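Here's work_33.csv, which has CSV, C-alpha atoms:
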chain,number,residue,atom,x,y,z
E,1,MET,CA,19.0,-13.8,-29.9
E,2,GLY,CA,20.5,-14.7,-26.5
E,3,LEU,CA,19.3,-17.5,-24.4
E,4,PHE,CA,17.3,-15.4,-22.0
E,5,LYS,CA,16.2,-12.7,-24.3
E,6,HIS,CA,12.5,-12.7,-24.9
E,7,CYS,CA,10.5,-9.9,-26.6
E,8,CYS,CA,6.8,-11.3,-26.6
E,9,GLY,CA,5.4,-8.7,-28.9
E,10,SER,CA,7.6,-5.7,-28.0
E,11,GLU,CA,9.2,-5.8,-31.4
E,12,PRO,CA,7.0,-6.4,-34.5
E,13,ASP,CA,9.6,-8.7,-36.3
E,14,CYS,CA,10.0,-10.8,-33.1
E,15,ARG,CA,6.4,-12.2,-33.0
E,16,PRO,CA,6.0,-15.8,-33.9
E,17,ALA,CA,4.6,-16.3,-37.3
E,18,GLY,CA,1.9,-18.9,-38.2
E,19,ARG,CA,-0.1,-21.2,-36.1
E,20,ARG,CA,2.8,-23.5,-35.4
E,21,GLY,CA,5.0,-20.6,-34.2
E,22,ARG,CA,2.3,-19.3,-31.9
E,23,ALA,CA,1.7,-22.8,-30.5
E,24,LEU,CA,5.4,-23.3,-29.8
E,25,HIS,CA,5.5,-19.8,-28.2
E,26,PHE,CA,2.5,-20.7,-26.0
E,27,ALA,CA,4.1,-24.1,-25.0
E,28,GLY,CA,7.3,-22.3,-24.1
E,29,HIS,CA,5.3,-19.9,-21.8
E,30,ALA,CA,3.4,-22.9,-20.3
E,31,LEU,CA,6.6,-24.8,-19.6
E,32,LEU,CA,8.2,-21.7,-18.0
E,33,GLY,CA,5.1,-21.2,-15.8
E,34,LEU,CA,5.2,-24.9,-14.7
E,35,ALA,CA,8.9,-24.6,-13.9
E,36,VAL,CA,8.3,-21.5,-11.7
E,37,VAL,CA,5.5,-23.3,-9.9
E,38,VAL,CA,7.7,-26.3,-9.2
E,39,VAL,CA,10.6,-24.2,-7.9
E,40,VAL,CA,8.2,-22.2,-5.6
E,41,ALA,CA,6.7,-25.5,-4.3
E,42,LEU,CA,10.2,-26.8,-3.6
E,43,LEU,CA,11.2,-23.6,-1.9
E,44,PHE,CA,8.1,-23.7,0.3
E,45,GLY,CA,8.8,-27.3,1.4
E,46,TRP,CA,12.3,-26.3,2.3
E,47,VAL,CA,11.2,-23.3,4.3
E,48,VAL,CA,8.6,-25.3,6.3
E,49,MET,CA,11.2,-28.1,6.9
E,50,SER,CA,13.8,-25.5,8.1
E,51,ALA,CA,11.3,-23.6,10.3
E,52,TRP,CA,10.0,-26.8,11.9
E,53,ASN,CA,13.4,-28.3,12.6
E,54,ALA,CA,14.6,-25.0,14.0
E,55,VAL,CA,11.7,-24.5,16.5
E,56,ILE,CA,9.5,-27.6,17.1
E,57,PRO,CA,12.1,-30.2,18.2
E,58,ALA,CA,13.6,-28.0,20.9
E,59,THR,CA,10.4,-26.5,22.0
E,60,PHE,CA,8.0,-29.5,22.2
E,61,ASN,CA,10.5,-32.4,22.2
E,62,LEU,CA,9.2,-33.7,18.9
E,63,PRO,CA,11.2,-35.2,16.1
E,64,SER,CA,12.6,-33.2,13.2
E,65,VAL,CA,11.0,-33.7,9.8
E,66,GLY,CA,12.4,-34.4,6.3
E,67,TYR,CA,11.6,-32.5,3.2
E,68,TRP,CA,8.7,-34.7,2.0
E,69,GLN,CA,7.2,-34.6,5.5
E,70,ALA,CA,7.3,-30.8,5.4
E,71,VAL,CA,5.5,-30.8,2.0
E,72,ALA,CA,2.9,-33.2,3.5
E,73,LEU,CA,2.5,-30.7,6.4
E,74,LEU,CA,1.8,-27.9,3.9
E,75,VAL,CA,-0.8,-30.0,2.1
E,76,LEU,CA,-2.4,-31.1,5.4
E,77,GLY,CA,-2.6,-27.5,6.5
E,78,ARG,CA,-4.3,-26.5,3.3
E,79,VAL,CA,-6.8,-29.4,3.6
E,80,LEU,CA,-7.6,-28.7,7.2
E,81,THR,CA,-8.1,-25.0,6.7
E,82,GLY,CA,-10.2,-25.6,3.5
E,83,ARG,CA,-7.9,-23.6,1.3
E,84,LEU,CA,-7.3,-26.0,-1.6
E,85,HIS,CA,-8.1,-23.4,-4.3
E,86,HIS,CA,-7.1,-19.8,-4.9
E,87,ARG,CA,-9.9,-17.3,-4.2
E,88,HIS,CA,-10.4,-14.4,-6.7
E,89,GLY,CA,-12.0,-11.1,-5.8
E,90,GLY,CA,-10.4,-10.6,-2.4
E,91,GLY,CA,-12.2,-10.6,0.9
E,92,HIS,CA,-12.4,-13.4,3.4
E,93,GLY,CA,-14.6,-16.4,2.8
E,94,TRP,CA,-16.1,-16.3,6.3
E,95,HIS,CA,-17.1,-12.7,5.8
E,96,ARG,CA,-19.0,-13.4,2.6
E,97,ALA,CA,-20.6,-16.5,4.1
E,98,MET,CA,-21.7,-14.5,7.2
E,99,PHE,CA,-23.5,-11.9,5.1
E,100,ARG,CA,-25.1,-14.6,3.0
E,101,HIS,CA,-26.7,-16.1,6.1
E,102,ALA,CA,-30.4,-15.0,6.1
E,103,ASP,CA,-30.7,-14.6,9.9
E,104,PHE,CA,-27.7,-12.3,10.1
E,105,ARG,CA,-28.8,-10.2,7.2
E,106,GLU,CA,-32.3,-9.8,8.8
E,107,TRP,CA,-30.8,-8.9,12.1
E,108,TRP,CA,-28.4,-6.4,10.5
E,109,GLU,CA,-31.2,-4.7,8.6
E,110,GLN,CA,-33.5,-4.5,11.6
E,111,GLN,CA,-31.1,-3.4,14.4
E,112,GLY,CA,-27.4,-4.1,13.7
E,113,GLU,CA,-26.7,-1.2,11.3
E,114,ALA,CA,-28.5,1.3,13.5
E,115,ALA,CA,-26.6,0.1,16.6
E,116,TYR,CA,-23.3,0.3,14.7
E,117,ARG,CA,-24.0,3.8,13.4
E,118,ALA,CA,-24.9,4.9,16.9
E,119,PHE,CA,-21.7,3.5,18.2
E,120,ARG,CA,-19.6,5.2,15.6
E,121,THR,CA,-21.3,8.5,16.1
E,122,GLY,CA,-20.7,8.3,19.9
E,123,ARG,CA,-17.0,7.6,19.3
E,124,ALA,CA,-16.6,10.3,16.7
E,125,GLY,CA,-18.2,12.9,19.0
E,126,GLY,CA,-15.8,12.1,21.8
E,127,THR,CA,-18.5,10.8,24.2
E,128,ALA,CA,-18.0,7.6,26.0
E,129,ASP,CA,-20.9,5.3,27.0
Please go through the file and, once you have read it, give me the structure as structure tokens.
Amino acid sequence: MGLFKHCCGSEPDCRPAGRRGRALHFAGHALLGLAVVVVVALLFGWVVMSAWNAVIPATFNLPSVGYWQAVALLVLGRVLTGRLHHRHGGGHGWHRAMFRHADFREWWEQQGEAAYRAFRTGRAGGTAD
């Protein structure tokens, strides 16, 4: 088997045998995943540093940043925008929060949906209000 060849179940005789073999196989996948995350994080830091140094010093007369300062800017941006975790299920957090708000839900049920439908019907019919 070559260094980069990996079959992960595509061939029956290639599957790891026994508990130890499966554990080593899983550990290999975990290390590979960790390596990919580290490389992507390093790449993002470099991209932020390059973009900052290309635009900000000339535009706003601010100093250029180093690599670790760029990484800190990435982290600070995530903290300030409240995006420290990955959201599953799609959609925007503000959208879900808005519809959970009881006052908005009550307003929407009483008059908002009807007003929206009337607006859409008017546009679809070609009439302008």
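One finds atom CA of E:Val38 at 15.3 Å from atom CA of E:Ala70.
Rounded to one decimal, atom CA of E:Ala72 and atom CA of E:Gly45 lie 8.6 Å from each other.
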Notebook entry, point to check: Which value, in Å to one decimal, gives the distance between atom CA of E:Leu31 and atom CA of E:Pro16?
Noted result: 16.9 Å
Reconstructed stretch 109-123 of chain E, atom set N, CA and C atoms, as an mmCIF file, in the frame of the given file:
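Below is the file out.cif, written as the result:
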data_model
loop_
_atom_site.group_PDB
_atom_site.id
_atom_site.type_symbol
_atom_site.label_atom_id
_atom_site.label_comp_id
_atom_site.auth_asym_id
_atom_site.auth_seq_id
_atom_site.Cartn_x
_atom_site.Cartn_y
_atom_site.Cartn_z
ATOM 1 N N GLU E 109 -30.289 -5.681 9.126
ATOM 2 C CA GLU E 109 -31.200 -4.700 8.600
ATOM 3 C C GLU E 109 -32.122 -4.116 9.646
ATOM 4 N N GLN E 110 -32.526 -4.922 10.628
ATOM 5 C CA GLN E 110 -33.500 -4.500 11.600
ATOM 6 C C GLN E 110 -32.789 -3.625 12.726
ATOM 7 N N GLN E 111 -31.654 -4.078 13.273
ATOM 8 C CA GLN E 111 -31.100 -3.400 14.400
ATOM 9 C C GLN E 111 -29.561 -3.223 14.367
ATOM 10 N N GLY E 112 -28.884 -4.085 13.649
ATOM 11 C CA GLY E 112 -27.400 -4.100 13.700
ATOM 12 C C GLY E 112 -26.806 -2.831 13.094
ATOM 13 N N GLU E 113 -27.279 -2.417 11.926
ATOM 14 C CA GLU E 113 -26.700 -1.200 11.300
ATOM 15 C C GLU E 113 -26.942 0.006 12.106
ATOM 16 N N ALA E 114 -28.157 0.151 12.662
ATOM 17 C CA ALA E 114 -28.500 1.300 13.500
ATOM 18 C C ALA E 114 -27.590 1.350 14.735
ATOM 19 N N ALA E 115 -27.396 0.194 15.373
ATOM 20 C CA ALA E 115 -26.600 0.100 16.600
ATOM 21 C C ALA E 115 -25.108 0.470 16.212
ATOM 22 N N TYR E 116 -24.650 -0.001 15.085
ATOM 23 C CA TYR E 116 -23.300 0.300 14.700
ATOM 24 C C TYR E 116 -23.106 1.786 14.391
ATOM 25 N N ARG E 117 -24.060 2.371 13.684
ATOM 26 C CA ARG E 117 -24.000 3.800 13.400
ATOM 27 C C ARG E 117 -24.004 4.634 14.684
ATOM 28 N N ALA E 118 -24.851 4.230 15.652
ATOM 29 C CA ALA E 118 -24.900 4.900 16.900
ATOM 30 C C ALA E 118 -23.570 4.818 17.665
ATOM 31 N N PHE E 119 -22.986 3.657 17.626
ATOM 32 C CA PHE E 119 -21.700 3.500 18.200
ATOM 33 C C PHE E 119 -20.633 4.342 17.600
ATOM 34 N N ARG E 120 -20.583 4.366 16.259
ATOM 35 C CA ARG E 120 -19.600 5.200 15.600
ATOM 36 C C ARG E 120 -19.811 6.666 15.811
ATOM 37 N N THR E 121 -21.062 7.119 15.877
ATOM 38 C CA THR E 121 -21.300 8.500 16.100
ATOM 39 C C THR E 121 -20.894 8.900 17.532
ATOM 40 N N GLY E 122 -21.118 8.030 18.491
ATOM 41 C CA GLY E 122 -20.700 8.300 19.900
ATOM 42 C C GLY E 122 -19.182 8.413 19.968
ATOM 43 N N ARG E 123 -18.439 7.553 19.258
ATOM 44 C CA ARG E 123 -17.000 7.600 19.300
ATOM 45 C C ARG E 123 -16.469 8.837 18.564
#
